[in-house]
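Below is one structure, written out as structure tokens; comments come after it.
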Amino acid sequence: MMPRFTIERARQQLDTSFPTATAAVKVLEELGIVTEMTGQKKNRSYSYQAYVELLSR
């Protein structure tokens, strides 16, 4: 998966439904693995910040 993604992109990559992808991303967010970047209710974008930081070194 890309270090920055939307739920729709995750849905496509996982070949699953939108509600299932949303639930999976929510779990990752609750665990602190990904961070929501937009602050919006729709078209949210997420980042796997540890990976982004590693690539930025």
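Ligands are numbered from 1 in the order shown, chains are lettered A, B, ... in the order of the structure tokens, and residues start at 1 in each chain.
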
Exercise for the section: Give me the residues within 7 Å of Ile7 of chain A as a count of residues only, counting only C-alpha atoms and dropping any in the same chain fewer than 2 places off. Expected result: 6

Exercise for the section: To one decimal in Å, tell me the separation between atom CA of Asn43 of chain A and atom CA of Arg57 of chain A. Expected result: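 Those two atoms sit 28.8 Å apart.
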
Exercise for the section: May I ask which of the residues A:Ser45, A:Gly39, A:Lys26, A:Gly32 is the closest one to Glu8 of chain A, counting only C-alpha atoms? Expected result: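 Distance minimum relative to Glu8 of chain A lands on A:Ser45.
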
Problem - DSSP strand (DSSP E) residues within chain A, as a ChimeraX atom specification - result: /A:4-6,35-36,45-47
